Structures are given as structure tokens and as C-alpha cells.
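One structure is given here, and the rest of the page talks about it.
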Amino acid sequence: MNNIISDFTINTEDVHYMNLALSLAQRGAYSTKPNPAVGCVLVNNGQVVGQGSHVKAGEPHAERLALAAAGDAAQGATAYVTLEPCAHFGRTPPCATGLVEAGVAKVVVAMLDPNPLVAGKGVHILQQAGIAVHVGLGAAQAEALNLGFLKRMQHQLPYVRVKLAASLDGRTAMANGESQWITGEASRLEVHKMRAFAGALITGVNTVLADNPSLNVRLPEQTLHALNLTPDSAQPLRVVLDSALRTPLNAKLLSLPGRTLIMTTHAALLQQPQVALHLQQAGCEVVAIACDARDEHEGAPAGRLNLHAVLRYLAKAEHINDVLVEAGAVLSGAFVQAGLVDELHCFMAPSLLGDAAKPLMVLPGLVKMAQKIQLSFDSVNQIGEDIHLVLKPVANQTVCN
């Protein structure tokens, strides 16, 4: 990065204006997908002359909105941008060119864009035009705003959050499956916000069969408005992992607003083409994904879907930045043991369900203390009567699988 940092000193005013740009970027955190959330502030002679937030894909980017607000006052101004200005024509023209044409004198960029279509090219355009550029102020905050976008661009995978709701003794449902409600209303509202943030929500067919869940976003209109969402735009892509095409045609999630995608095996599609057709007629899409290698031998029953392949498909074909997994103990544990989880969100209620109740997670193969999966606390907050724990797997550990 040193070769693109211009030689000008960052001061407390620069920090103030970048923080303003970061707060503007936050306005699009729920609504820009699959684009990143970006904010821009234009300052001339110590005065904010223009500002903008990128709120929705296909609509003007933050820089273009700030330039339009500033008009002629953009000449000689300093632009504070949370992500490197784009350098390519998409649904909107390149922002780097717009800044050059407006005659800005300096650009302070929080972080470079990992998108291969940009990746330093925006900064190059600015510098070639004689504009002084500084990269790195507010980088950590800017990265935190767009974890999913960054991971998709850098690793071709979405950022994965697994949501769990449990009693204090780590149980998720009674032995008969009864689970409504372990956690309180405040926790359930937070989960709906997590769904609205995600590009896709993954569950397993066993959860569909046992609970017939809706898996949609149900937030008050006022909350949706504050997040720049509508009841339709808030809905994530619902993804059901169903290796044997057992999803009932009358499942609730097939008839609700938003898309539902059934991921199954190639074998299931070949053996049950009419079932797949009926599911599509019921309102969902069906796609075949690779099985785990150990399940692909000839004559094997419908195997377990390869979770890495599932995520790769969502990133590449659906441009999904963030995935929320809301599934049973087996599938949640499988994501953890595959090393695919970025964050675990556990909503823990102050109640006890007993040893006959269903466990939080199934993790086969862990028989020695040395095999434990180590997590680190990212945050611990009380939400209503419950505790919301956010944990991250410790890097560089061997996961038993």
C-alpha cells in the first residue's frame, strides 16, 4: 500500500470527516447487497459541501451523490471515501473519473477495494490526474462494515454466521421438538434483523420437516424504514439443503415473498425429476450441488451435500456476501466442523430444559480434550432477558471432521 499513499499529513479534522463518512456508509449496511456499503464526504475550506451514501445496488454511488450535492463547490475539495472509488462501468459510471472531472484536490480513502475490477485502479486514476491520495484512515472500521463483500471478493465465499438459541444448559428444544419459545421477544427481533442483513439464509430439510418454519423477515415497518428496506427487499434468499428432495410441496417457505432455493444432489435430480418439477411449480428453484467425496461412490444413497460447494455456489452464482445458518444441531455442527463458520451467534435464555432435551450442536468425532474446537468471545450483550454471545473460531486450529 505504501506506493499509493501520497505525502500529506492526516490530522484530527481528517479523522472527524472520515468518521462522518463511515456513519454515512452504515446507512446502506442492510440494503446495498450485493454491493458494499460506502459513504463519502466532500469538504472545502473547512465546510462539508456534499455527502452521500450508497443505499441500493443500481442506484448512484456515494461519491456521485456527494458530487451532485456539492456542485461547483467540489472544485478543490477533499473527498473522504470509505472504500476506494470504483474504476469501471457497471450500472453506474466510475466514481474515480467523476472525482477527477469535478476537480477535487485530495482524496482520503479508508481501504482499497478487493474487487478485481477496481483493486487499486481507482487510486491510480486519481493519482494520474494529479490528485493527492491517502489510503488507510479508518480502514478497520470500513472493513468491519463489509466483511461479507470482502470475503466474497478475496476468497469467493460468503461470510457465514450460525445462529443458535438455547437454554442455559445448552438445549434447543424439548425431546418432542417443542421449542417455542426458548428466548424472549427482544432476541427474536434481533434474529429478524440478522435475517434482513443476510443475503441468504440456510437451513436443512430436517428443520423444514420438523418445524415447517417461515424463515422470512418479519420486522415492524418503522424498523424496515430505518434500515432502508421494504417488506420485499428485506427477504433473504431462503436455501434448503435437501439431498433427497424431501421438502414438502406445502412447506410454508415455498409460498412466502422472496426466493426459495432447494439445493440437492445430482443423483436426486436424475432419480426424481418429477419431484423437482413439482417443487419448482410450488414456487421454488432447484439446483444440484456436489456431494461430499465419501458419499459419491456408485450406488450410494443420496449423499450429504458438500458445504464448501454450497457456499461457493452462493458466492458465484447468487453474489451472496453474508449467509445466516438457522438449522438443527447436526447441520450447524457440520458447518463448524468443516471450518466454514466466521461467527457463532448464541442467544442464551435464563432457563433450564433438562438432559432429555435436544442438544445445541452435534459434533461427532470429538473424543479427546485435544480435539476441542476453541472459540473466542467477540462480544457479550444482554438483550431483553437473554444473553447474546458472539464467538469466533480460533484461527489455525485443527478441526475434527
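Residue numbering restarts at 1 for every chain of the C-alpha cells, chains are lettered A, B, ... in their displayed order, and ligands are numbered from 1 as they appear.
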
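Using only C-alpha atoms, the residues found no farther than 12 Å from A:Arg218, other than those of its own chain fewer than 6 positions away, are Arg188, Leu189, Glu190, Val191, His192, Lys193, Met194, Arg195, Ala196, Leu224, Leu229, Thr230, Pro231, Asp232, Ser233, Ala234, Gln235, Pro236, Leu256 and Pro257 of chain A.
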
Kindly export the residues of the current selection with N, CA, C and O atoms, as a compact mmCIF listing (two decimals), in the first residue's frame.
# COMPACT_ATOMS: atom_id res chain seq x y z
N ARG A 188 -35.71 -12.51 19.53
CA ARG A 188 -36.30 -12.89 18.25
C ARG A 188 -36.30 -11.72 17.28
O ARG A 188 -36.10 -11.89 16.07
N LEU A 189 -36.49 -10.51 17.78
CA LEU A 189 -36.42 -9.32 16.93
C LEU A 189 -35.01 -9.16 16.36
O LEU A 189 -34.84 -8.84 15.17
N GLU A 190 -34.01 -9.39 17.19
CA GLU A 190 -32.62 -9.29 16.72
C GLU A 190 -32.33 -10.32 15.64
O GLU A 190 -31.61 -10.05 14.68
N VAL A 191 -32.89 -11.52 15.77
CA VAL A 191 -32.69 -12.55 14.76
C VAL A 191 -33.31 -12.12 13.43
O VAL A 191 -32.73 -12.35 12.36
N HIS A 192 -34.46 -11.47 13.48
CA HIS A 192 -35.07 -10.99 12.24
C HIS A 192 -34.21 -9.91 11.59
O HIS A 192 -34.13 -9.82 10.36
N LYS A 193 -33.53 -9.11 12.39
CA LYS A 193 -32.59 -8.13 11.82
C LYS A 193 -31.40 -8.85 11.20
O LYS A 193 -30.89 -8.42 10.15
N MET A 194 -30.95 -9.92 11.81
CA MET A 194 -29.86 -10.70 11.23
C MET A 194 -30.29 -11.31 9.90
O MET A 194 -29.51 -11.35 8.94
N ARG A 195 -31.53 -11.77 9.82
CA ARG A 195 -32.04 -12.30 8.56
C ARG A 195 -32.06 -11.21 7.49
O ARG A 195 -31.70 -11.44 6.33
N ALA A 196 -32.51 -10.02 7.88
CA ALA A 196 -32.59 -8.92 6.93
C ALA A 196 -31.21 -8.51 6.43
O ALA A 196 -31.06 -8.05 5.29
N LEU A 224 -37.97 -1.42 9.39
CA LEU A 224 -37.59 -1.61 7.99
C LEU A 224 -37.20 -0.28 7.36
O LEU A 224 -36.20 -0.19 6.64
N LEU A 229 -35.14 -0.58 3.99
CA LEU A 229 -35.69 -1.80 3.44
C LEU A 229 -37.20 -1.69 3.29
O LEU A 229 -37.84 -0.88 3.95
N THR A 230 -37.75 -2.55 2.45
CA THR A 230 -39.18 -2.75 2.34
C THR A 230 -39.48 -4.19 2.74
O THR A 230 -38.56 -5.01 2.85
N PRO A 231 -40.75 -4.54 2.97
CA PRO A 231 -41.05 -5.94 3.31
C PRO A 231 -40.53 -6.94 2.27
O PRO A 231 -40.15 -8.06 2.63
N ASP A 232 -40.47 -6.53 1.01
CA ASP A 232 -39.96 -7.44 -0.04
C ASP A 232 -38.44 -7.45 -0.09
O ASP A 232 -37.82 -8.52 -0.14
N SER A 233 -37.81 -6.27 -0.08
CA SER A 233 -36.36 -6.22 -0.21
C SER A 233 -35.65 -6.77 1.02
O SER A 233 -34.46 -7.11 0.96
N ALA A 234 -36.37 -6.87 2.14
CA ALA A 234 -35.76 -7.39 3.37
C ALA A 234 -35.56 -8.89 3.34
O ALA A 234 -34.79 -9.44 4.15
N GLN A 235 -36.24 -9.59 2.44
CA GLN A 235 -36.23 -11.05 2.47
C GLN A 235 -34.94 -11.62 1.90
O GLN A 235 -34.56 -11.31 0.77
N PRO A 236 -34.23 -12.46 2.67
CA PRO A 236 -33.04 -13.12 2.12
C PRO A 236 -33.44 -14.26 1.19
O PRO A 236 -34.60 -14.70 1.18
N LEU A 256 -44.12 -17.95 0.48
CA LEU A 256 -43.93 -16.61 1.05
C LEU A 256 -43.15 -15.72 0.10
O LEU A 256 -42.45 -16.20 -0.79
N PRO A 257 -43.28 -14.39 0.24
CA PRO A 257 -42.50 -13.47 -0.59
C PRO A 257 -41.00 -13.76 -0.48
O PRO A 257 -40.50 -14.15 0.57

Neighbours of stretch 258-260 of chain A within 6 Å (only C-alpha atoms; same-chain residues fewer than 5 positions away dropped), as a PyMOL selection string? chain A and resi 235+237-239+284

Pick from A:Pro273, A:Thr264, A:Ala317, A:Ala327: nearest to A:Cys291, with only C-alpha atoms counted? A:Thr264

Using DSSP on the backbone, list every residue of stretch 99-186 of chain A that comes out as helix (DSSP H, G or I), and give them as a PDB file with C-alpha atoms, in the first residue's frame.
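Produced file selection_28.pdb, reproduced below:
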ATOM      1  CA  LEU A  99     -13.932  12.886  -8.809  1.00  0.00           C
ATOM      2  CA  VAL A 100     -11.325  13.798 -11.428  1.00  0.00           C
ATOM      3  CA  GLU A 101     -13.868  15.618 -13.590  1.00  0.00           C
ATOM      4  CA  ALA A 102     -15.161  17.549 -10.561  1.00  0.00           C
ATOM      5  CA  LYS A 121      -7.178   1.091 -10.339  1.00  0.00           C
ATOM      6  CA  GLY A 122      -9.373   3.779  -8.797  1.00  0.00           C
ATOM      7  CA  VAL A 123      -6.455   5.221  -6.842  1.00  0.00           C
ATOM      8  CA  HIS A 124      -4.295   5.049  -9.977  1.00  0.00           C
ATOM      9  CA  ILE A 125      -6.836   7.098 -11.958  1.00  0.00           C
ATOM     10  CA  LEU A 126      -6.860   9.754  -9.239  1.00  0.00           C
ATOM     11  CA  GLN A 127      -3.093   9.955  -8.970  1.00  0.00           C
ATOM     12  CA  GLN A 128      -2.629  10.042 -12.728  1.00  0.00           C
ATOM     13  CA  ALA A 139      -9.523   1.026   7.450  1.00  0.00           C
ATOM     14  CA  ALA A 140     -10.530  -1.270  10.318  1.00  0.00           C
ATOM     15  CA  GLN A 141     -13.975   0.336  10.645  1.00  0.00           C
ATOM     16  CA  ALA A 142     -14.502   0.242   6.881  1.00  0.00           C
ATOM     17  CA  GLU A 143     -13.582  -3.443   6.739  1.00  0.00           C
ATOM     18  CA  ALA A 144     -15.986  -4.229   9.586  1.00  0.00           C
ATOM     19  CA  LEU A 145     -18.812  -2.654   7.570  1.00  0.00           C
ATOM     20  CA  LEU A 147     -16.976  -8.316   5.979  1.00  0.00           C
ATOM     21  CA  GLY A 148     -19.115 -10.346   3.598  1.00  0.00           C
ATOM     22  CA  PHE A 149     -18.198  -8.354   0.489  1.00  0.00           C
ATOM     23  CA  LEU A 150     -14.515  -8.577   1.367  1.00  0.00           C
ATOM     24  CA  LYS A 151     -14.639 -12.333   1.913  1.00  0.00           C
ATOM     25  CA  ARG A 152     -16.532 -12.937  -1.335  1.00  0.00           C
ATOM     26  CA  MET A 153     -14.034 -10.872  -3.309  1.00  0.00           C
ATOM     27  CA  GLN A 154     -10.941 -12.302  -1.623  1.00  0.00           C
ATOM     28  CA  HIS A 155     -11.953 -15.959  -1.129  1.00  0.00           C
ATOM     29  CA  GLU A 185     -39.137 -11.279  22.117  1.00  0.00           C
ATOM     30  CA  ALA A 186     -36.091  -8.982  22.065  1.00  0.00           C
TER      31      ALA A 186
END

Could you give me the residues within stretch 76-225 of chain A that DSSP places in strand (DSSP E or B), as a ChimeraX atom specification? /A:78-81,106-109,132-135,159-167,171-173,200-204

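Pairwise distance (atom CA of A:Glu326, atom CA of A:Val217) equals 13.0 Å.
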
Which residues are near A:Ala251? Cut-off 9 Å, only C-alpha atoms, ignore same chain within fewer than 4 positions. Put them as a list in words.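 Once the nearby chain positions are removed, what remains is Val208, Leu209, Asn212, Pro213, Ser214, Thr247 and Ser255 of chain A.
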
Pull C-alpha atoms from the residues just selected and write them as a PDB file, in the first residue's frame.
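File written: selection-v3.pdb
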ATOM      1  CA  VAL A 208     -38.370 -27.894   7.379  1.00  0.00           C
ATOM      2  CA  LEU A 209     -39.958 -31.284   8.053  1.00  0.00           C
ATOM      3  CA  ASN A 212     -42.360 -26.038   8.906  1.00  0.00           C
ATOM      4  CA  PRO A 213     -40.679 -22.657   9.509  1.00  0.00           C
ATOM      5  CA  SER A 214     -41.346 -19.474   7.533  1.00  0.00           C
ATOM      6  CA  THR A 247     -39.154 -30.817   1.026  1.00  0.00           C
ATOM      7  CA  SER A 255     -45.336 -19.669  -0.740  1.00  0.00           C
TER       8      SER A 255
END

Which residue of A:Gly354, A:Pro393, A:Gly177, A:Gly365 approaches A:Val162 most closely, using only C-alpha atoms: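 Checking each candidate against A:Val162, we get A:Pro393 as the closest.
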
Counting only C-alpha atoms, what is within 12 Å of A:Ser187, bar same-chain residues fewer than 3 positions away, as a PyMOL selection string? chain A and resi 163-166+181-184+190-194+345-349+381-389

Can I get the selection written as a PDB file, in the first residue's frame, with C-alpha atoms?
ATOM      1  CA  LYS A 163     -27.436 -18.556  14.821  1.00  0.00           C
ATOM      2  CA  LEU A 164     -28.287 -20.708  17.836  1.00  0.00           C
ATOM      3  CA  ALA A 165     -30.938 -20.269  20.526  1.00  0.00           C
ATOM      4  CA  ALA A 166     -30.500 -22.268  23.693  1.00  0.00           C
ATOM      5  CA  TRP A 181     -40.173 -20.005  22.704  1.00  0.00           C
ATOM      6  CA  ILE A 182     -36.841 -20.561  24.423  1.00  0.00           C
ATOM      7  CA  THR A 183     -35.662 -16.984  24.003  1.00  0.00           C
ATOM      8  CA  GLY A 184     -37.577 -13.763  24.509  1.00  0.00           C
ATOM      9  CA  GLU A 190     -32.621  -9.291  16.722  1.00  0.00           C
ATOM     10  CA  VAL A 191     -32.693 -12.555  14.756  1.00  0.00           C
ATOM     11  CA  HIS A 192     -35.073 -10.986  12.236  1.00  0.00           C
ATOM     12  CA  LYS A 193     -32.594  -8.127  11.824  1.00  0.00           C
ATOM     13  CA  MET A 194     -29.861 -10.702  11.230  1.00  0.00           C
ATOM     14  CA  HIS A 345     -24.352 -16.130  17.480  1.00  0.00           C
ATOM     15  CA  CYS A 346     -25.828 -17.834  20.521  1.00  0.00           C
ATOM     16  CA  PHE A 347     -28.912 -16.371  22.182  1.00  0.00           C
ATOM     17  CA  MET A 348     -28.944 -17.947  25.640  1.00  0.00           C
ATOM     18  CA  ALA A 349     -32.072 -17.822  27.791  1.00  0.00           C
ATOM     19  CA  ASN A 381     -24.533  -8.412  25.481  1.00  0.00           C
ATOM     20  CA  GLN A 382     -27.769  -8.679  27.389  1.00  0.00           C
ATOM     21  CA  ILE A 383     -30.773  -8.437  25.118  1.00  0.00           C
ATOM     22  CA  GLY A 384     -34.046  -8.408  26.993  1.00  0.00           C
ATOM     23  CA  GLU A 385     -33.823 -11.269  29.482  1.00  0.00           C
ATOM     24  CA  ASP A 386     -31.362 -13.209  27.319  1.00  0.00           C
ATOM     25  CA  ILE A 387     -27.628 -13.055  26.651  1.00  0.00           C
ATOM     26  CA  HIS A 388     -26.377 -12.633  23.072  1.00  0.00           C
ATOM     27  CA  LEU A 389     -22.970 -14.254  22.694  1.00  0.00           C
TER      28      LEU A 389
END

Can you pull out the residues contacting stretch 368-379 of chain A? Cut-off 6 Å, using only C-alpha atoms, and skip same-chain residues under 5 positions away; I want them as JSON, numbers by chain. {"A": [390, 391, 392, 393, 394]}

Go ahead and write the residues just picked, N, CA, C and O atoms, as a PDB file, in the first residue's frame.
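Result file part-v2.pdb:
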ATOM      1  N   VAL A 390     -21.520 -13.576  20.875  1.00  0.00           N
ATOM      2  CA  VAL A 390     -20.941 -13.669  19.539  1.00  0.00           C
ATOM      3  C   VAL A 390     -19.530 -14.218  19.698  1.00  0.00           C
ATOM      4  O   VAL A 390     -18.702 -13.645  20.412  1.00  0.00           O
ATOM      5  N   LEU A 391     -19.275 -15.349  19.061  1.00  0.00           N
ATOM      6  CA  LEU A 391     -17.985 -16.021  19.179  1.00  0.00           C
ATOM      7  C   LEU A 391     -17.414 -16.297  17.806  1.00  0.00           C
ATOM      8  O   LEU A 391     -18.162 -16.468  16.827  1.00  0.00           O
ATOM      9  N   LYS A 392     -16.091 -16.360  17.743  1.00  0.00           N
ATOM     10  CA  LYS A 392     -15.411 -16.667  16.502  1.00  0.00           C
ATOM     11  C   LYS A 392     -14.461 -17.841  16.730  1.00  0.00           C
ATOM     12  O   LYS A 392     -13.791 -17.902  17.766  1.00  0.00           O
ATOM     13  N   PRO A 393     -14.424 -18.785  15.788  1.00  0.00           N
ATOM     14  CA  PRO A 393     -13.461 -19.875  15.918  1.00  0.00           C
ATOM     15  C   PRO A 393     -12.037 -19.332  15.940  1.00  0.00           C
ATOM     16  O   PRO A 393     -11.711 -18.392  15.207  1.00  0.00           O
ATOM     17  N   VAL A 394     -11.213 -19.913  16.780  1.00  0.00           N
ATOM     18  CA  VAL A 394      -9.813 -19.504  16.840  1.00  0.00           C
ATOM     19  C   VAL A 394      -9.097 -19.984  15.592  1.00  0.00           C
ATOM     20  O   VAL A 394      -9.226 -21.156  15.189  1.00  0.00           O
TER      21      VAL A 394
END

Need the shell around A:Tyr313: protein/DNA/RNA residues with any atom at most 12 Å away, counting only C-alpha atoms. Skip same-chain ones fewer than 6 positions apart. Format as an MDAnalysis selection string? chainID A and resid 152 156:158 200 239 261 263 287:290 306:307 319:321

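Between atom CA of A:Leu314 and atom CA of A:Ala244 the interatomic distance comes to 19.9 Å.
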
Between atom CA of A:Arg161 and atom CA of A:Leu311 - distance in Å to one decimal: 12.2 Å

With distances taken over only C-alpha atoms, which of A:Thr82, A:Glu343, A:Val135, A:Lys106 is nearest to A:Gly120? A:Val135
